[in-house]
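A.B. asks: Quick one, work_34.cif (mmCIF, C-alpha atoms; chains and numbers go by the auth columns):
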data_my_file
#
loop_
_atom_site.group_PDB
_atom_site.id
_atom_site.type_symbol
_atom_site.label_atom_id
_atom_site.label_comp_id
_atom_site.label_asym_id
_atom_site.label_seq_id
_atom_site.Cartn_x
_atom_site.Cartn_y
_atom_site.Cartn_z
_atom_site.B_iso_or_equiv
_atom_site.auth_seq_id
_atom_site.auth_asym_id
ATOM 1 C CA MET A 1 99.695 -17.282 3.818 0.00 1 E
ATOM 2 C CA SER A 2 99.569 -14.309 1.458 0.00 2 E
ATOM 3 C CA ASN A 3 96.375 -13.092 -0.163 0.00 3 E
ATOM 4 C CA ASP A 4 97.606 -14.360 -3.544 0.00 4 E
ATOM 5 C CA GLU A 5 98.318 -17.809 -2.098 0.00 5 E
ATOM 6 C CA GLU A 6 94.924 -17.879 -0.393 0.00 6 E
ATOM 7 C CA THR A 7 93.204 -16.862 -3.610 0.00 7 E
ATOM 8 C CA GLY A 8 95.015 -19.635 -5.488 0.00 8 E
ATOM 9 C CA VAL A 9 94.011 -22.233 -2.904 0.00 9 E
ATOM 10 C CA ARG A 10 90.389 -21.027 -2.968 0.00 10 E
ATOM 11 C CA GLU A 11 90.361 -21.288 -6.768 0.00 11 E
ATOM 12 C CA GLU A 12 91.716 -24.850 -6.648 0.00 12 E
ATOM 13 C CA ILE A 13 89.143 -25.824 -4.021 0.00 13 E
ATOM 14 C CA ALA A 14 86.371 -24.308 -6.164 0.00 14 E
ATOM 15 C CA ARG A 15 87.694 -26.220 -9.179 0.00 15 E
ATOM 16 C CA ALA A 16 87.710 -29.452 -7.146 0.00 16 E
ATOM 17 C CA ALA A 17 84.123 -28.723 -6.061 0.00 17 E
ATOM 18 C CA ARG A 18 83.067 -28.327 -9.696 0.00 18 E
ATOM 19 C CA MET A 19 84.783 -31.590 -10.629 0.00 19 E
ATOM 20 C CA GLN A 20 83.141 -33.423 -7.747 0.00 20 E
ATOM 21 C CA ARG A 21 79.746 -31.924 -8.633 0.00 21 E
ATOM 22 C CA ALA A 22 80.184 -33.158 -12.219 0.00 22 E
ATOM 23 C CA LEU A 23 80.965 -36.661 -10.921 0.00 23 E
ATOM 24 C CA LEU A 24 77.995 -36.477 -8.559 0.00 24 E
ATOM 25 C CA GLN A 25 75.729 -35.572 -11.478 0.00 25 E
ATOM 26 C CA GLN A 26 77.165 -38.390 -13.570 0.00 26 E
ATOM 27 C CA LEU A 27 76.469 -40.901 -10.794 0.00 27 E
ATOM 28 C CA GLU A 28 72.952 -39.515 -10.281 0.00 28 E
ATOM 29 C CA SER A 29 72.325 -39.906 -14.005 0.00 29 E
ATOM 30 C CA LEU A 30 73.638 -43.447 -13.923 0.00 30 E
ATOM 31 C CA LEU A 31 71.433 -44.266 -10.934 0.00 31 E
ATOM 32 C CA ALA A 32 68.406 -42.898 -12.797 0.00 32 E
ATOM 33 C CA ARG A 33 69.174 -45.252 -15.720 0.00 33 E
ATOM 34 C CA VAL A 34 69.077 -48.382 -13.558 0.00 34 E
ATOM 35 C CA PRO A 35 65.446 -49.308 -12.928 0.00 35 E
ATOM 36 C CA PRO A 36 64.543 -50.906 -9.616 0.00 36 E
ATOM 37 C CA SER A 37 64.465 -54.665 -9.671 0.00 37 E
ATOM 38 C CA PRO A 38 60.953 -56.109 -9.721 0.00 38 E
ATOM 39 C CA ARG A 39 62.120 -58.025 -6.637 0.00 39 E
ATOM 40 C CA GLU A 40 63.627 -55.037 -4.812 0.00 40 E
ATOM 41 C CA GLU A 41 60.966 -54.838 -2.080 0.00 41 E
ATOM 42 C CA VAL A 42 61.143 -58.587 -1.438 0.00 42 E
ATOM 43 C CA ILE A 43 64.939 -58.428 -1.349 0.00 43 E
ATOM 44 C CA TYR A 44 64.867 -55.630 1.254 0.00 44 E
ATOM 45 C CA GLU A 45 62.005 -57.077 3.310 0.00 45 E
ATOM 46 C CA GLN A 46 63.197 -60.670 3.401 0.00 46 E
ATOM 47 C CA GLY A 47 66.930 -60.043 3.426 0.00 47 E
ATOM 48 C CA GLU A 48 67.529 -61.986 0.241 0.00 48 E
ATOM 49 C CA ALA A 49 70.735 -61.709 -1.747 0.00 49 E
ATOM 50 C CA TYR A 50 70.812 -58.595 -3.899 0.00 50 E
ATOM 51 C CA ASP A 51 70.452 -58.947 -7.635 0.00 51 E
ATOM 52 C CA PHE A 52 72.500 -56.671 -9.909 0.00 52 E
ATOM 53 C CA PRO A 53 70.040 -53.739 -10.146 0.00 53 E
ATOM 54 C CA THR A 54 69.454 -53.717 -6.398 0.00 54 E
ATOM 55 C CA GLU A 55 73.192 -53.815 -5.653 0.00 55 E
ATOM 56 C CA VAL A 56 73.951 -51.018 -8.119 0.00 56 E
ATOM 57 C CA ARG A 57 71.130 -48.803 -6.873 0.00 57 E
ATOM 58 C CA SER A 58 71.902 -49.442 -3.220 0.00 58 E
ATOM 59 C CA CYS A 59 75.622 -48.810 -3.631 0.00 59 E
ATOM 60 C CA LEU A 60 75.188 -45.656 -5.730 0.00 60 E
ATOM 61 C CA GLU A 61 72.588 -44.261 -3.329 0.00 61 E
ATOM 62 C CA CYS A 62 74.998 -44.762 -0.417 0.00 62 E
ATOM 63 C CA ILE A 63 77.929 -43.229 -2.299 0.00 63 E
ATOM 64 C CA LEU A 64 75.843 -40.213 -3.253 0.00 64 E
ATOM 65 C CA GLU A 65 74.279 -39.665 0.150 0.00 65 E
ATOM 66 C CA ASP A 66 77.201 -40.536 2.412 0.00 66 E
ATOM 67 C CA TRP A 67 80.137 -39.254 0.383 0.00 67 E
ATOM 68 C CA MET A 68 79.474 -37.244 -2.764 0.00 68 E
ATOM 69 C CA ARG A 69 76.846 -34.739 -1.620 0.00 69 E
ATOM 70 C CA PRO A 70 78.663 -33.939 1.648 0.00 70 E
ATOM 71 C CA THR A 71 81.998 -33.660 -0.187 0.00 71 E
ATOM 72 C CA VAL A 72 80.615 -31.239 -2.755 0.00 72 E
ATOM 73 C CA GLN A 73 78.912 -29.173 -0.046 0.00 73 E
ATOM 74 C CA ASP A 74 82.071 -29.033 2.097 0.00 74 E
ATOM 75 C CA LEU A 75 84.267 -28.034 -0.850 0.00 75 E
ATOM 76 C CA GLU A 76 81.826 -25.354 -1.980 0.00 76 E
ATOM 77 C CA ASN A 77 81.616 -23.983 1.571 0.00 77 E
ATOM 78 C CA LEU A 78 85.378 -24.121 1.975 0.00 78 E
ATOM 79 C CA SER A 79 85.972 -22.180 -1.247 0.00 79 E
ATOM 80 C CA VAL A 80 84.133 -19.177 0.249 0.00 80 E
ATOM 81 C CA PHE A 81 85.101 -19.724 3.900 0.00 81 E
ATOM 82 C CA GLN A 82 85.680 -16.620 5.991 0.00 82 E
ATOM 83 C CA PRO A 83 87.851 -16.724 9.144 0.00 83 E
ATOM 84 C CA SER A 84 84.874 -15.725 11.316 0.00 84 E
ATOM 85 C CA GLN A 85 82.992 -18.861 10.179 0.00 85 E
ATOM 86 C CA ARG A 86 83.269 -22.433 11.297 0.00 86 E
ATOM 87 C CA LEU A 87 82.219 -25.056 8.772 0.00 87 E
ATOM 88 C CA ALA A 88 79.290 -27.097 10.051 0.00 88 E
ATOM 89 C CA ARG A 89 79.903 -30.827 10.031 0.00 89 E
#
Just give me the structure as structure tokens.

C.D. replies:
Amino acid sequence: MSNDEETGVREEIARAARMQRALLQQLESLLARVPPSPREEVIYEQGEAYDFPTEVRSCLECILEDWMRPTVQDLENLSVFQPSQRLAR
């Protein structure tokens, strides 16, 4: 791969990281707008069926923690990766 090709790929990866970070921030903002259900603790403690706020909050928290934050971090790291490094997973 030539230096120009590598630079182009790095730029696209950095652009993808920025897009993913923007989506992450949008989802974090959305999560902040959904107040916890007054029954959230009871739902978690007693294993009751989730109501809408609890489902939304639970799902968004999982998406953010399990997928979005790691994806953004990996893309940002990859955009500045040096051959002597190994990305931590």

A.B. asks: Please determine, counting only C-alpha atoms, which residue among E:Glu11, E:Glu28, E:Glu76, E:Glu48 has the shortest atom-to-atom distance to E:Cys62.

C.D. replies: E:Glu28

A.B. asks: Would you mind listing what lies within 12 Å of E:Ser58 as a ChimeraX atom specification, with all atoms listed in the file counted and same-chain residues fewer than 2 positions away left out?

C.D. replies: /E:31,34-37,40,43-44,50-56,60-66

A.B. asks: Enter the distance from atom CA of E:Ser2 to atom CA of E:Leu78, in Å, rounded to one decimal.

C.D. replies: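 It comes out at 17.3 Å.
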
A.B. asks: Run the PyMOL selection byres ((chain E and resi 14) around 10) against the file shown and list the residues it catches, as a count of residues only.

C.D. replies: 19

A.B. asks: First collect every listed atom of stretch 12-17 of chain E; then fit an axis-aligned box around them, widen it by 8 Å on each side, and give centre and edge lengths in Å to one decimal, as AutoDock Vina command-line options.

C.D. replies:
--center_x 87.9 --center_y -26.9 --center_z -6.6 --size_x 23.6 --size_y 21.1 --size_z 21.2

A.B. asks: Between E:Cys59, E:Ala49, E:Glu41, E:Leu23, which has the minimum distance to E:Thr71 (counting all atoms listed in the file)?

C.D. replies: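 Under the stated criterion, the closest residue is E:Leu23.
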
A.B. asks: Quick one: pull the distance between atom CA of E:Pro83 and atom CA of E:Glu6, Å, one decimal.

C.D. replies: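 Those two atoms sit 11.9 Å apart.
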
A.B. asks: Looking at only C-alpha atoms, which of E:Ala32, E:Thr7, E:Gln82, E:Arg21 is the one that sits closest to E:Arg57?

C.D. replies: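 Once distances to E:Arg57 are computed over only C-alpha atoms, the minimum belongs to E:Ala32.
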
A.B. asks: Figure out the distance between atom CA of E:Pro38 and atom CA of E:Gln25, please, to one decimal in Å.

C.D. replies: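 Atom CA of E:Pro38 lies 25.4 Å from atom CA of E:Gln25.
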